[in-house]
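Undergrad: Pasting entry18.cif below, which is mmCIF, C-alpha atoms and all ligand atoms.
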data_start
#
loop_
_atom_site.label_atom_id
_atom_site.label_comp_id
_atom_site.auth_asym_id
_atom_site.auth_seq_id
_atom_site.Cartn_x
_atom_site.Cartn_y
_atom_site.Cartn_z
CA SER A 1 -23.32 9.59 -25.14
CA ALA A 2 -22.15 12.77 -26.89
CA ALA A 3 -24.47 14.86 -24.69
CA GLU A 4 -22.88 13.50 -21.51
CA LYS A 5 -19.48 14.51 -22.84
CA ALA A 6 -20.72 18.11 -23.13
CA GLY A 7 -19.03 18.69 -26.48
CA TYR A 8 -15.69 17.11 -25.55
CA ALA A 9 -14.31 14.25 -27.64
CA SER A 10 -13.88 12.10 -24.54
CA PHE A 11 -14.86 11.97 -20.89
CA MET A 12 -11.19 12.27 -20.07
CA LEU A 13 -10.91 15.65 -21.83
CA LYS A 14 -14.08 16.81 -20.11
CA GLU A 15 -12.79 15.70 -16.73
CA ILE A 16 -9.40 17.35 -17.26
CA ALA A 17 -11.25 20.59 -18.05
CA GLU A 18 -13.42 20.25 -14.93
CA GLN A 19 -10.41 20.27 -12.61
CA PRO A 20 -10.52 23.92 -11.52
CA LYS A 21 -14.12 23.46 -10.40
CA ALA A 22 -13.41 20.08 -8.78
CA VAL A 23 -10.58 21.63 -6.77
CA ALA A 24 -12.68 24.65 -5.74
CA ASP A 25 -15.64 22.42 -4.80
CA THR A 26 -13.44 20.23 -2.63
CA LEU A 27 -12.27 23.29 -0.69
CA LEU A 28 -15.74 24.80 -0.44
CA GLY A 29 -17.06 25.19 3.10
CA ARG A 30 -13.99 23.64 4.63
CA ILE A 31 -12.15 26.85 5.45
CA ASP A 32 -13.94 29.38 7.62
CA GLY A 33 -13.84 33.19 7.40
CA SER A 34 -10.83 33.41 9.70
CA GLY A 35 -8.79 31.02 7.56
CA ALA A 36 -9.15 28.10 9.99
CA LEU A 37 -10.06 24.63 8.77
CA SER A 38 -13.49 23.42 9.71
CA LEU A 39 -13.69 19.70 9.07
CA ASP A 40 -16.43 18.64 11.51
CA GLU A 41 -17.38 15.99 8.98
CA VAL A 42 -14.20 14.17 9.96
CA ARG A 43 -15.89 12.45 12.88
CA ILE A 44 -12.79 11.50 14.80
CA PRO A 45 -12.63 13.46 18.08
CA PRO A 46 -9.80 16.04 18.26
CA GLN A 47 -8.60 14.29 21.42
CA VAL A 48 -8.05 11.10 19.44
CA LEU A 49 -6.28 13.02 16.67
CA ARG A 50 -3.97 14.62 19.23
CA GLU A 51 -2.87 11.18 20.36
CA VAL A 52 -2.11 9.83 16.91
CA ASP A 53 1.56 8.86 16.73
CA LYS A 54 1.69 7.47 13.21
CA VAL A 55 -0.20 7.98 9.97
CA VAL A 56 -0.34 5.22 7.38
CA VAL A 57 -1.76 5.97 3.95
CA VAL A 58 -3.06 3.03 1.90
CA ALA A 59 -4.25 3.27 -1.70
CA CYS A 60 -3.72 1.93 -5.22
CA GLY A 61 -2.62 3.40 -8.53
CA THR A 62 -3.22 7.10 -8.90
CA ALA A 63 -4.67 7.34 -5.38
CA TYR A 64 -1.39 5.87 -4.11
CA HIS A 65 0.47 8.69 -5.86
CA ALA A 66 -1.76 11.16 -4.01
CA GLY A 67 -0.74 9.33 -0.83
CA LEU A 68 2.95 9.70 -1.62
CA ILE A 69 2.45 13.46 -1.88
CA ALA A 70 0.36 13.46 1.32
CA LYS A 71 3.36 12.09 3.20
CA TYR A 72 5.39 15.23 2.48
CA ALA A 73 2.54 17.45 3.66
CA ILE A 74 1.62 15.42 6.75
CA GLU A 75 5.17 15.07 8.01
CA HIS A 76 6.02 18.71 7.31
CA TRP A 77 2.92 20.27 8.86
CA THR A 78 2.34 17.86 11.73
CA ARG A 79 5.71 16.18 12.42
CA ILE A 80 3.83 12.88 12.78
CA PRO A 81 5.68 10.05 11.01
CA CYS A 82 3.77 8.96 7.92
CA GLU A 83 4.11 5.82 5.82
CA VAL A 84 2.51 5.26 2.46
CA GLU A 85 1.82 1.77 1.26
CA LEU A 86 0.27 0.07 -1.71
CA ALA A 87 -2.99 -1.31 -0.36
CA SER A 88 -2.40 -4.61 -2.14
CA GLU A 89 0.82 -5.19 -0.17
CA PHE A 90 -0.29 -3.85 3.18
CA ARG A 91 -1.91 -6.67 5.13
CA TYR A 92 0.46 -9.32 3.84
CA ARG A 93 3.45 -7.98 5.72
CA ASP A 94 1.86 -7.83 9.18
CA PRO A 95 2.10 -4.04 9.56
CA ILE A 96 2.49 -2.46 13.02
CA LEU A 97 -0.81 -0.79 13.90
CA ASP A 98 -2.58 0.17 17.11
CA GLN A 99 -5.14 2.62 18.46
CA GLN A 100 -2.76 5.53 18.02
CA THR A 101 -2.38 4.82 14.31
CA LEU A 102 -4.43 6.87 11.88
CA VAL A 103 -4.90 5.04 8.60
CA VAL A 104 -5.90 7.18 5.64
CA ALA A 105 -7.49 5.14 2.84
CA ILE A 106 -7.69 7.02 -0.46
CA SER A 107 -10.05 5.80 -3.19
CA GLN A 108 -11.97 7.50 -5.95
CA SER A 109 -14.51 4.73 -6.37
CA GLY A 110 -14.68 3.60 -2.75
CA GLU A 111 -14.95 0.04 -4.06
CA THR A 112 -11.33 -0.98 -4.68
CA MET A 113 -10.99 -4.40 -3.06
CA ASP A 114 -7.28 -4.08 -2.24
CA THR A 115 -7.91 -0.83 -0.36
CA LEU A 116 -10.98 -2.23 1.38
CA MET A 117 -9.07 -5.29 2.61
CA ALA A 118 -6.24 -3.05 3.86
CA LEU A 119 -8.62 -0.89 5.86
CA ARG A 120 -10.43 -3.92 7.30
CA HIS A 121 -7.09 -5.26 8.44
CA ALA A 122 -6.19 -1.89 10.01
CA ARG A 123 -9.47 -1.69 11.92
CA GLU A 124 -9.06 -5.24 13.19
CA GLN A 125 -5.78 -4.08 14.75
CA GLY A 126 -7.53 -1.16 16.46
CA ALA A 127 -6.38 1.65 14.14
CA ARG A 128 -8.78 4.47 13.19
CA VAL A 129 -9.48 4.76 9.51
CA LEU A 130 -10.21 7.99 7.69
CA ALA A 131 -11.36 7.54 4.09
CA ILE A 132 -10.75 10.09 1.35
CA CYS A 133 -13.30 9.16 -1.26
CA ASN A 134 -15.18 10.55 -4.25
CA THR A 135 -18.22 8.28 -4.17
CA ASN A 136 -20.94 8.94 -1.62
CA GLY A 137 -22.04 5.95 0.38
CA SER A 138 -19.60 3.53 -1.25
CA THR A 139 -18.11 0.62 0.69
CA ILE A 140 -14.79 2.17 1.79
CA PRO A 141 -16.33 5.21 3.52
CA ARG A 142 -19.10 3.02 4.99
CA GLU A 143 -16.51 0.79 6.63
CA SER A 144 -14.27 3.64 7.84
CA ASP A 145 -14.43 5.58 11.10
CA ALA A 146 -14.74 8.84 9.20
CA VAL A 147 -14.71 10.17 5.66
CA LEU A 148 -13.61 13.32 3.92
CA TYR A 149 -15.33 13.36 0.54
CA THR A 150 -13.65 14.79 -2.53
CA HIS A 151 -16.13 16.78 -4.63
CA ALA A 152 -14.84 15.99 -8.10
CA GLY A 153 -18.25 14.82 -9.31
CA PRO A 154 -18.59 11.52 -11.19
CA GLU A 155 -15.37 10.44 -12.91
CA VAL A 156 -16.19 8.28 -15.93
CA ALA A 157 -12.88 7.94 -17.81
CA VAL A 158 -10.84 4.99 -16.56
CA ALA A 159 -7.77 7.19 -16.19
CA SER A 160 -8.13 9.27 -13.06
CA THR A 161 -7.61 13.02 -13.48
CA LYS A 162 -9.92 15.33 -11.55
CA ALA A 163 -10.27 12.79 -8.74
CA PHE A 164 -6.49 12.86 -8.30
CA LEU A 165 -6.35 16.64 -7.96
CA THR A 166 -9.17 16.58 -5.42
CA GLN A 167 -7.46 13.76 -3.51
CA LEU A 168 -4.44 16.02 -3.21
CA VAL A 169 -6.62 18.84 -1.91
CA ALA A 170 -8.20 16.48 0.62
CA CYS A 171 -4.76 15.26 1.73
CA TYR A 172 -3.57 18.83 2.25
CA LEU A 173 -6.73 19.57 4.24
CA VAL A 174 -6.19 16.52 6.44
CA ALA A 175 -2.53 17.44 7.01
CA LEU A 176 -3.38 21.06 7.83
CA TYR A 177 -6.27 20.00 10.04
CA LEU A 178 -4.05 17.62 12.01
CA GLY A 179 -1.56 20.46 12.37
CA GLN A 180 -4.30 22.81 13.56
CA VAL A 181 -5.79 20.34 16.05
CA ARG A 182 -2.37 19.48 17.45
CA GLY A 183 -1.14 23.09 17.49
CA THR A 184 2.15 22.48 15.72
CA LYS A 185 4.81 25.12 15.43
CA TYR A 186 3.83 25.53 11.79
CA GLY A 187 0.74 27.51 12.82
CA ASP A 188 1.72 30.61 10.82
CA GLU A 189 2.66 28.66 7.77
CA ILE A 190 -0.68 26.84 7.90
CA GLY A 191 -2.48 30.19 7.58
CA ASP A 192 -0.40 31.09 4.53
CA VAL A 193 -0.96 27.75 2.88
CA VAL A 194 -4.71 27.96 3.40
CA ARG A 195 -4.63 31.30 1.60
CA ASP A 196 -2.56 29.82 -1.23
CA LEU A 197 -4.97 26.88 -1.53
CA SER A 198 -7.82 29.31 -2.10
CA GLY A 199 -6.07 30.60 -5.22
CA ILE A 200 -5.07 27.21 -6.57
CA SER A 201 -8.16 26.57 -8.67
CA GLY A 202 -7.30 29.69 -10.70
CA ALA A 203 -3.74 28.41 -11.15
CA VAL A 204 -5.06 25.08 -12.52
CA GLU A 205 -7.30 27.05 -14.91
CA GLN A 206 -4.29 29.06 -16.04
CA VAL A 207 -2.34 25.88 -16.85
CA LEU A 208 -5.26 24.50 -18.84
CA GLY A 209 -5.25 27.64 -20.97
CA THR A 210 -1.66 27.05 -22.13
CA MET A 211 -1.77 23.40 -23.23
CA ASP A 212 -1.68 23.72 -27.05
CA PRO A 213 2.12 23.31 -27.32
CA VAL A 214 1.92 20.25 -25.01
CA ARG A 215 -0.67 18.68 -27.33
CA GLU A 216 1.49 19.39 -30.35
CA LEU A 217 4.52 17.90 -28.64
CA ALA A 218 2.53 14.79 -27.64
CA ARG A 219 1.45 14.22 -31.24
CA SER A 220 5.05 14.55 -32.43
CA LEU A 221 6.12 11.81 -29.98
CA ALA A 222 3.34 9.33 -30.84
CA HIS A 223 5.79 6.97 -32.58
CA LYS A 224 8.16 6.72 -29.59
CA LYS A 225 8.65 3.51 -27.62
CA THR A 226 9.61 4.95 -24.23
CA VAL A 227 9.19 8.13 -22.24
CA LEU A 228 10.91 8.71 -18.91
CA PHE A 229 9.73 11.05 -16.15
CA LEU A 230 11.93 12.58 -13.47
CA GLY A 231 11.11 14.56 -10.36
CA ARG A 232 12.26 15.25 -6.83
CA HIS A 233 10.46 15.83 -3.56
CA VAL A 234 6.72 16.08 -4.34
CA GLY A 235 7.69 16.12 -8.02
CA HIS A 236 8.70 12.47 -7.74
CA PRO A 237 5.13 11.18 -7.27
CA VAL A 238 4.08 13.58 -10.04
CA ALA A 239 6.61 11.85 -12.31
CA LEU A 240 5.20 8.45 -11.29
CA GLU A 241 1.70 9.67 -12.10
CA GLY A 242 2.79 11.02 -15.49
CA ALA A 243 4.29 7.62 -16.31
CA LEU A 244 1.20 5.72 -15.14
CA LYS A 245 -1.05 7.87 -17.32
CA LEU A 246 1.10 7.17 -20.35
CA LYS A 247 1.16 3.42 -19.69
CA GLU A 248 -2.55 3.06 -19.24
CA LEU A 249 -3.61 5.33 -22.10
CA ALA A 250 -0.86 5.14 -24.72
CA TYR A 251 0.28 1.55 -23.94
CA MET A 252 3.84 2.83 -24.01
CA HIS A 253 6.73 1.96 -21.78
CA ALA A 254 6.99 4.83 -19.34
CA GLU A 255 8.79 5.07 -16.04
CA GLY A 256 9.06 7.66 -13.32
CA PHE A 257 12.26 8.12 -11.31
CA ALA A 258 13.45 10.23 -8.44
CA ALA A 259 15.97 12.48 -10.18
CA GLY A 260 18.57 11.82 -7.47
CA GLU A 261 18.46 8.12 -8.38
CA LEU A 262 19.51 8.75 -11.99
CA LYS A 263 23.18 8.31 -11.20
CA HIS A 264 22.43 5.05 -9.36
CA GLY A 265 21.27 3.29 -12.50
CA PRO A 266 18.60 4.80 -14.73
CA ILE A 267 21.02 7.21 -16.42
CA ALA A 268 22.25 4.17 -18.39
CA LEU A 269 18.91 4.24 -20.21
CA ILE A 270 19.50 7.69 -21.68
CA GLU A 271 20.13 7.61 -25.41
CA GLU A 272 19.86 9.89 -28.41
CA ASP A 273 16.43 11.50 -28.74
CA LEU A 274 14.83 9.68 -25.78
CA PRO A 275 12.04 11.93 -24.44
CA VAL A 276 12.54 12.72 -20.75
CA VAL A 277 10.00 14.80 -18.87
CA VAL A 278 11.44 16.62 -15.87
CA VAL A 279 9.28 18.16 -13.14
CA VAL A 280 11.35 20.98 -11.68
CA PRO A 281 10.81 22.16 -8.10
CA SER A 282 10.43 25.85 -7.44
CA PRO A 283 13.72 27.79 -7.46
CA ARG A 284 12.41 29.72 -4.44
CA GLY A 285 12.81 28.22 -0.99
CA ARG A 286 14.37 24.84 -1.61
CA SER A 287 16.88 26.14 -4.10
CA ILE A 288 19.39 23.32 -3.48
CA LEU A 289 16.94 20.82 -4.89
CA HIS A 290 16.31 23.11 -7.81
CA ASP A 291 20.03 23.42 -8.57
CA LYS A 292 20.46 19.67 -8.39
CA ILE A 293 17.68 18.97 -10.81
CA VAL A 294 19.02 21.57 -13.23
CA SER A 295 22.31 19.66 -13.28
CA ASN A 296 20.35 16.43 -13.89
CA ILE A 297 18.70 18.05 -16.91
CA GLN A 298 22.12 19.16 -18.12
CA GLU A 299 23.52 15.64 -17.69
CA ILE A 300 20.78 13.84 -19.56
CA ARG A 301 20.78 16.41 -22.34
CA ALA A 302 24.52 16.00 -22.76
CA ARG A 303 23.77 12.30 -23.37
CA GLY A 304 21.30 13.12 -26.11
CA ALA A 305 17.96 13.08 -24.27
CA ARG A 306 15.17 15.27 -25.57
CA THR A 307 14.28 17.26 -22.47
CA ILE A 308 10.71 18.28 -21.75
CA VAL A 309 10.91 20.57 -18.77
CA ILE A 310 7.99 21.53 -16.54
CA ALA A 311 9.11 24.58 -14.59
CA GLU A 312 7.71 27.49 -12.68
CA GLU A 313 7.22 30.84 -14.39
CA GLY A 314 10.32 32.97 -13.98
CA ASP A 315 12.64 29.99 -13.57
CA GLU A 316 15.29 31.07 -16.07
CA ALA A 317 17.99 28.58 -15.04
CA VAL A 318 16.30 25.73 -16.92
CA VAL A 319 15.92 27.60 -20.22
CA PRO A 320 19.29 26.67 -21.80
CA TYR A 321 18.71 22.93 -21.23
CA ALA A 322 15.03 22.61 -22.16
CA ASP A 323 14.21 21.32 -25.63
CA HIS A 324 10.59 21.93 -24.70
CA LEU A 325 9.58 24.17 -21.83
CA VAL A 326 6.18 23.97 -20.15
CA ARG A 327 5.47 26.81 -17.73
CA ILE A 328 3.38 26.41 -14.59
CA PRO A 329 2.37 29.15 -12.15
CA ALA A 330 4.43 29.64 -9.01
CA THR A 331 2.92 27.85 -6.00
CA PRO A 332 4.24 26.88 -2.56
CA THR A 333 6.47 23.81 -2.94
CA LEU A 334 4.04 21.34 -1.39
CA LEU A 335 1.15 22.48 -3.61
CA GLN A 336 3.05 22.26 -6.90
CA PRO A 337 1.64 18.81 -7.84
CA LEU A 338 -1.79 20.43 -8.32
CA VAL A 339 -0.46 22.40 -11.28
CA ALA A 340 2.45 20.18 -12.42
CA THR A 341 0.27 17.09 -12.99
CA VAL A 342 -2.08 18.79 -15.44
CA PRO A 343 0.34 18.99 -18.43
CA LEU A 344 1.17 15.30 -17.92
CA GLN A 345 -2.51 14.35 -18.13
CA VAL A 346 -2.96 16.39 -21.30
CA PHE A 347 0.24 14.91 -22.74
CA ALA A 348 -0.87 11.30 -22.16
CA CYS A 349 -4.40 11.88 -23.41
CA GLU A 350 -3.23 13.53 -26.63
CA LEU A 351 -0.46 11.02 -27.29
CA ALA A 352 -2.88 8.11 -26.79
CA THR A 353 -5.38 9.71 -29.14
CA ALA A 354 -2.67 10.21 -31.76
CA ARG A 355 -1.90 6.49 -31.49
CA GLY A 356 -5.55 5.73 -32.20
CA ASN A 357 -6.36 4.49 -28.70
CA GLU A 358 -9.70 4.76 -26.98
CA VAL A 359 -8.80 7.04 -24.07
CA ASP A 360 -11.91 6.57 -21.95
CA GLN A 361 -11.73 2.77 -22.03
CA PRO A 362 -8.10 1.62 -22.23
CA ARG A 363 -7.59 -2.04 -22.96
CA ASN A 364 -7.48 -4.52 -20.05
CA LEU A 365 -8.55 -1.91 -17.46
CA ALA A 366 -11.73 -1.31 -15.44
CA LYS A 367 -12.80 1.88 -13.70
CA SER A 368 -13.01 0.21 -10.34
CA VAL A 369 -11.09 -2.90 -9.49
CA THR A 370 -13.36 -4.91 -7.23
CA VAL A 371 -11.22 -8.04 -7.09
CA GLU A 372 -8.02 -8.57 -5.13
C1 LIG A 401 -5.86 5.67 -12.46
O1 LIG A 401 -5.71 6.33 -13.65
C2 LIG A 401 -6.15 4.23 -12.53
N1 LIG A 401 -7.17 3.89 -13.43
C3 LIG A 401 -6.05 3.43 -11.24
O2 LIG A 401 -4.68 3.41 -10.93
C4 LIG A 401 -6.84 3.86 -9.99
O3 LIG A 401 -6.35 5.07 -9.51
C5 LIG A 401 -6.76 2.75 -8.93
O4 LIG A 401 -7.30 1.57 -9.44
C6 LIG A 401 -7.45 3.12 -7.63
O5 LIG A 401 -8.82 3.31 -7.81
P1 LIG A 401 -9.69 3.98 -6.68
O6 LIG A 401 -9.21 5.37 -6.47
O7 LIG A 401 -11.10 3.94 -7.20
O8 LIG A 401 -9.53 3.16 -5.43
#
Render the structure in this file as structure tokens.
Ligand code: AGP
TA:
Amino acid sequence: SAAEKAGYASFMLKEIAEQPKAVADTLLGRIDGSGALSLDEVRIPPQVLREVDKVVVVACGTAYHAGLIAKYAIEHWTRIPCEVELASEFRYRDPILDQQTLVVAISQSGETMDTLMALRHAREQGARVLAICNTNGSTIPRESDAVLYTHAGPEVAVASTKAFLTQLVACYLVALYLGQVRGTKYGDEIGDVVRDLSGISGAVEQVLGTMDPVRELARSLAHKKTVLFLGRHVGHPVALEGALKLKELAYMHAEGFAAGELKHGPIALIEEDLPVVVVVPSPRGRSILHDKIVSNIQEIRARGARTIVIAEEGDEAVVPYADHLVRIPATPTLLQPLVATVPLQVFACELATARGNEVDQPRNLAKSVTVE
């Protein structure tokens, strides 16, 4: 009903707007006064976590994209090898699992059959399963060894938005917690990141306050057939998520690529006036990646693409090659998806609306997919 939408035209718009609170709520109570992580709710004994020699993330759709980002965080902060796999593929390839494997199953609904079957398979092989879930008491957390709940509140729109951001927060918490329990050499960095996480809800709020030009741009592209999305590092899963949102809401052909792969094929797709969204990594720190993506933007623009560039505030190198520039606040590299995804959600929602689509209930889709 209109009342449930609290004045918003759709649940999706309401849920996009709720993201700063969802992010803050998911952090609440999980970092103590000294900046250490307190995740007692993760009922897997620290001794067991110290012996983990492999992490495998299983999930579907948007939750899978959160998993792809989790891999960067887990491997960086813990040095434990991490694989990410589509839950629907997982058990069919006879994956290598044992008691030292930690399987992380990510699901908003907690009822996705593909993810449930993957975790059942993992437990049968002796692996421990930690669920990251938004729905209290749902099947996936009930069947897992432990659960870290995301506190996004109920997500009604079929397209996941606030649940995704909170899944990212939960993944960072798990990665940092593993690092803390295992005492990795990234101890100092972990303290800094925890501090940065505390400010991230405000950064998401800031992005939401600057979305009018993105809406206008989306409306102007409503007649297009294709939109491409490019990113590198954690920006690659962000690009995949931007493309998924556009497919499910606008029923448009959209594809996400790793920018480094452009030259291995996708660059052949670039033609006059093709909209290409590029998620640019921070110029600080990993500046080589930044330089490389700036040359990608240059290359595609030289071939006629219409470049829509999502870049950190103060990144001046992208300015000459951006037909449209969307600014996001500076964050540590690994946390950038929390702010970079938001414009892509707004873009897809607005573009779909301009095409006359029902954004909360896209055709052919259900909120939770309870069949394999
Ligand atoms: C997201 O916008 C999709 N509707 C879909 O990909 C979803 O993320 C996927 O089906 C997984 O759902 P879950 O998180 O409830 O397991």
Undergrad: Enumerate, in order of chain and increasing residue number, the residues of chain A with an atom no farther than 8 Å from ligand LIG 401 (chain A), each with its shortest atom pair and distance in Å to one decimal, counting all atoms listed in the file, as CSV.
TA:
residue,atom,partner,partner_atom,distance
A:Ala59,CA,A:LIG401,O8,6.5
A:Cys60,CA,A:LIG401,C6,4.6
A:Gly61,CA,A:LIG401,O2,3.2
A:Thr62,CA,A:LIG401,O3,3.8
A:Ala63,CA,A:LIG401,O3,5.0
A:Tyr64,CA,A:LIG401,O3,7.4
A:Ile106,CA,A:LIG401,O6,6.4
A:Ser107,CA,A:LIG401,O6,3.4
A:Gln108,CA,A:LIG401,O6,3.5
A:Ser109,CA,A:LIG401,O7,3.6
A:Gly110,CA,A:LIG401,O7,5.7
A:Glu111,CA,A:LIG401,O7,6.3
A:Thr112,CA,A:LIG401,O8,4.6
A:Thr115,CA,A:LIG401,O8,6.7
A:Cys133,CA,A:LIG401,O6,7.6
A:Val158,CA,A:LIG401,N1,4.9
A:Ala159,CA,A:LIG401,O1,3.4
A:Ser160,CA,A:LIG401,O1,3.9
A:Thr161,CA,A:LIG401,O1,7.0
A:Ala163,CA,A:LIG401,O6,7.8
A:Phe164,CA,A:LIG401,O3,7.9
A:Leu244,CA,A:LIG401,O1,7.1
A:Lys245,CA,A:LIG401,O1,6.1
A:Glu248,CA,A:LIG401,O1,7.2
A:Leu365,CA,A:LIG401,N1,7.2
A:Ala366,CA,A:LIG401,N1,7.2
A:Lys367,CA,A:LIG401,N1,6.0
A:Ser368,CA,A:LIG401,O7,5.2
A:Val369,CA,A:LIG401,O4,5.9
Undergrad: What does the structure give for the distance between CA of Arg142 (chain A) and CA of Met117 (chain A), in Å to one decimal?
TA: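 Distance reported for this atom pair: 13.2 Å.
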Undergrad: Select, from A:Tyr172, A:Ala305, A:Ala239, A:Ile96, the residue with the minimum atom-to-atom distance to Tyr72 (chain A), counting only C-alpha atoms.
TA: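 Closest candidate: A:Tyr172.
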Undergrad: Which one is closest to Val48 (chain A): A:Val129, A:Leu221, A:Val346, A:Leu338? Count all atoms listed in the file.
TA: A:Val129
Undergrad: Near Glu75 (chain A), counting all atoms listed in the file, which residues have an atom at most 9 Å away, once you skip same-chain residues fewer than 6 positions from it, shown as an MDAnalysis selection string?
TA: chainID A and resid 81:82 175
Undergrad: Work out how far apart CA of Leu130 (chain A) and CA of Ala17 (chain A) are and give it in Å to one decimal.
TA: 28.7 Å
Undergrad: May I ask for the distance between CA of Ala127 (chain A) and CA of Glu372 (chain A), given in Å to one decimal place?
TA: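 Computing it gives 21.9 Å between the two atoms.
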Undergrad: Please identify all polymer residues within 7 Å of Ala157 (chain A), counting all atoms listed in the file, omitting same-chain residues fewer than 2 positions from it, and present them as a list in words.
TA: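 Returned residues: Phe11, Met12, Glu155, Ala159, Ser160, Asp360 and Gln361 of chain A.
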Undergrad: Which of these, A:Ala170, A:Met113, A:Val276, A:Ala146, has the shortest distance to Val371 (chain A) once you count only C-alpha atoms?
TA: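 Distance minimum relative to Val371 (chain A) lands on A:Met113.
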Undergrad: Identify which of the residues A:Ser10, A:Thr353, A:Ser34, A:Gln47 lies closest to Arg219 (chain A), counting all atoms listed in the file when measuring atom-to-atom distances.
TA: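 Checking each of A:Ser10, A:Thr353, A:Ser34, A:Gln47 against Arg219 (chain A), counting all atoms listed in the file, the winner is A:Thr353.
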Undergrad: Nearest to Gly179 (chain A): which of A:Ile80, A:Val104, A:Arg303, A:Phe229 is it, counting only C-alpha atoms?
TA: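 Closest to Gly179 (chain A), using only C-alpha atoms: A:Ile80.
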Undergrad: Just want the 7 Å neighbourhood of Leu97 (chain A), counted on only C-alpha atoms, with same-chain residues fewer than 4 positions away dropped. Output as a short mmCIF file (atom, residue, chain, number, x, y, z; two decimals) with C-alpha atoms, in the frame of the given file.
TA:
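In the end it all went to result-v8.cif:
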data_model
loop_
_atom_site.label_atom_id
_atom_site.label_comp_id
_atom_site.auth_asym_id
_atom_site.auth_seq_id
_atom_site.Cartn_x
_atom_site.Cartn_y
_atom_site.Cartn_z
CA THR A 101 -2.38 4.82 14.31
CA ALA A 122 -6.19 -1.89 10.01
CA GLN A 125 -5.78 -4.08 14.75
CA ALA A 127 -6.38 1.65 14.14
#
Undergrad: List every protein, DNA or RNA residue with an atom no more than 12 Å from (-0.4, 28.1, -22.2) in the file's coordinates, counting all atoms listed in the file, and format the result as a PyMOL selection string.
TA: chain A and resi 203-215+313+325-329+342-343
Undergrad: Just want the 6 Å neighbourhood of region 278-292 of chain A, counted on all atoms listed in the file, with same-chain residues fewer than 3 positions away dropped. Output as a ChimeraX atom specification.
TA: /A:229-231,235,295,309-311
Undergrad: In terms of the shortest atom-to-atom distance over all atoms listed in the file, which of A:Arg355, A:His253, A:Lys247, A:Arg30 is closest to His223 (chain A)?
TA: A:Arg355
Undergrad: Give, as JSON, the centre coordinates and the x, y and z edge lengths in Å to one decimal for an axis-aligned box around all listed atoms of region 9-26 of chain A, padded by 4 Å on each side.
TA:
{"center_x": -12.5, "center_y": 18.3, "center_z": -15.1, "size_x": 14.2, "size_y": 20.7, "size_z": 33.0}
Undergrad: Excluding same-chain residues fewer than 5 positions from Ser144 (chain A), what lies within 10 Å of it counting only C-alpha atoms, as a PDB file with C-alpha atoms, in the frame of the given file?
TA:
ATOM      1  CA  VAL A 103      -4.900   5.040   8.600  1.00  0.00           C
ATOM      2  CA  VAL A 104      -5.900   7.180   5.640  1.00  0.00           C
ATOM      3  CA  ALA A 105      -7.490   5.140   2.840  1.00  0.00           C
ATOM      4  CA  LEU A 116     -10.980  -2.230   1.380  1.00  0.00           C
ATOM      5  CA  LEU A 119      -8.620  -0.890   5.860  1.00  0.00           C
ATOM      6  CA  ARG A 120     -10.430  -3.920   7.300  1.00  0.00           C
ATOM      7  CA  ARG A 123      -9.470  -1.690  11.920  1.00  0.00           C
ATOM      8  CA  ARG A 128      -8.780   4.470  13.190  1.00  0.00           C
ATOM      9  CA  VAL A 129      -9.480   4.760   9.510  1.00  0.00           C
ATOM     10  CA  LEU A 130     -10.210   7.990   7.690  1.00  0.00           C
ATOM     11  CA  ALA A 131     -11.360   7.540   4.090  1.00  0.00           C
ATOM     12  CA  ILE A 132     -10.750  10.090   1.350  1.00  0.00           C
ATOM     13  CA  THR A 139     -18.110   0.620   0.690  1.00  0.00           C
TER      14      THR A 139
END
Undergrad: Since fewer atoms than expected are present, regenerate N, CA and C atoms for region 362-370 of chain A and write them as a compact mmCIF listing (two decimals), in the coordinates of the input.
TA:
# COMPACT_ATOMS: atom_id res chain seq x y z
N PRO A 362 -9.33 2.30 -21.81
CA PRO A 362 -8.10 1.62 -22.23
C PRO A 362 -8.23 0.10 -22.12
N ARG A 363 -7.49 -0.59 -22.96
CA ARG A 363 -7.59 -2.04 -22.96
C ARG A 363 -7.20 -2.62 -21.59
N ASN A 364 -7.80 -3.73 -21.26
CA ASN A 364 -7.48 -4.52 -20.05
C ASN A 364 -7.81 -3.85 -18.71
N LEU A 365 -8.34 -2.62 -18.72
CA LEU A 365 -8.55 -1.91 -17.46
C LEU A 365 -10.04 -1.72 -17.16
N ALA A 366 -10.36 -1.62 -15.86
CA ALA A 366 -11.73 -1.31 -15.44
C ALA A 366 -11.67 -0.08 -14.56
N LYS A 367 -12.78 0.65 -14.50
CA LYS A 367 -12.80 1.88 -13.70
C LYS A 367 -12.63 1.57 -12.22
N SER A 368 -13.33 0.57 -11.73
CA SER A 368 -13.01 0.21 -10.34
C SER A 368 -12.68 -1.27 -10.26
N VAL A 369 -11.65 -1.54 -9.51
CA VAL A 369 -11.09 -2.90 -9.49
C VAL A 369 -11.60 -3.58 -8.22
N THR A 370 -12.67 -4.35 -8.39
CA THR A 370 -13.36 -4.91 -7.23
C THR A 370 -12.94 -6.35 -6.91
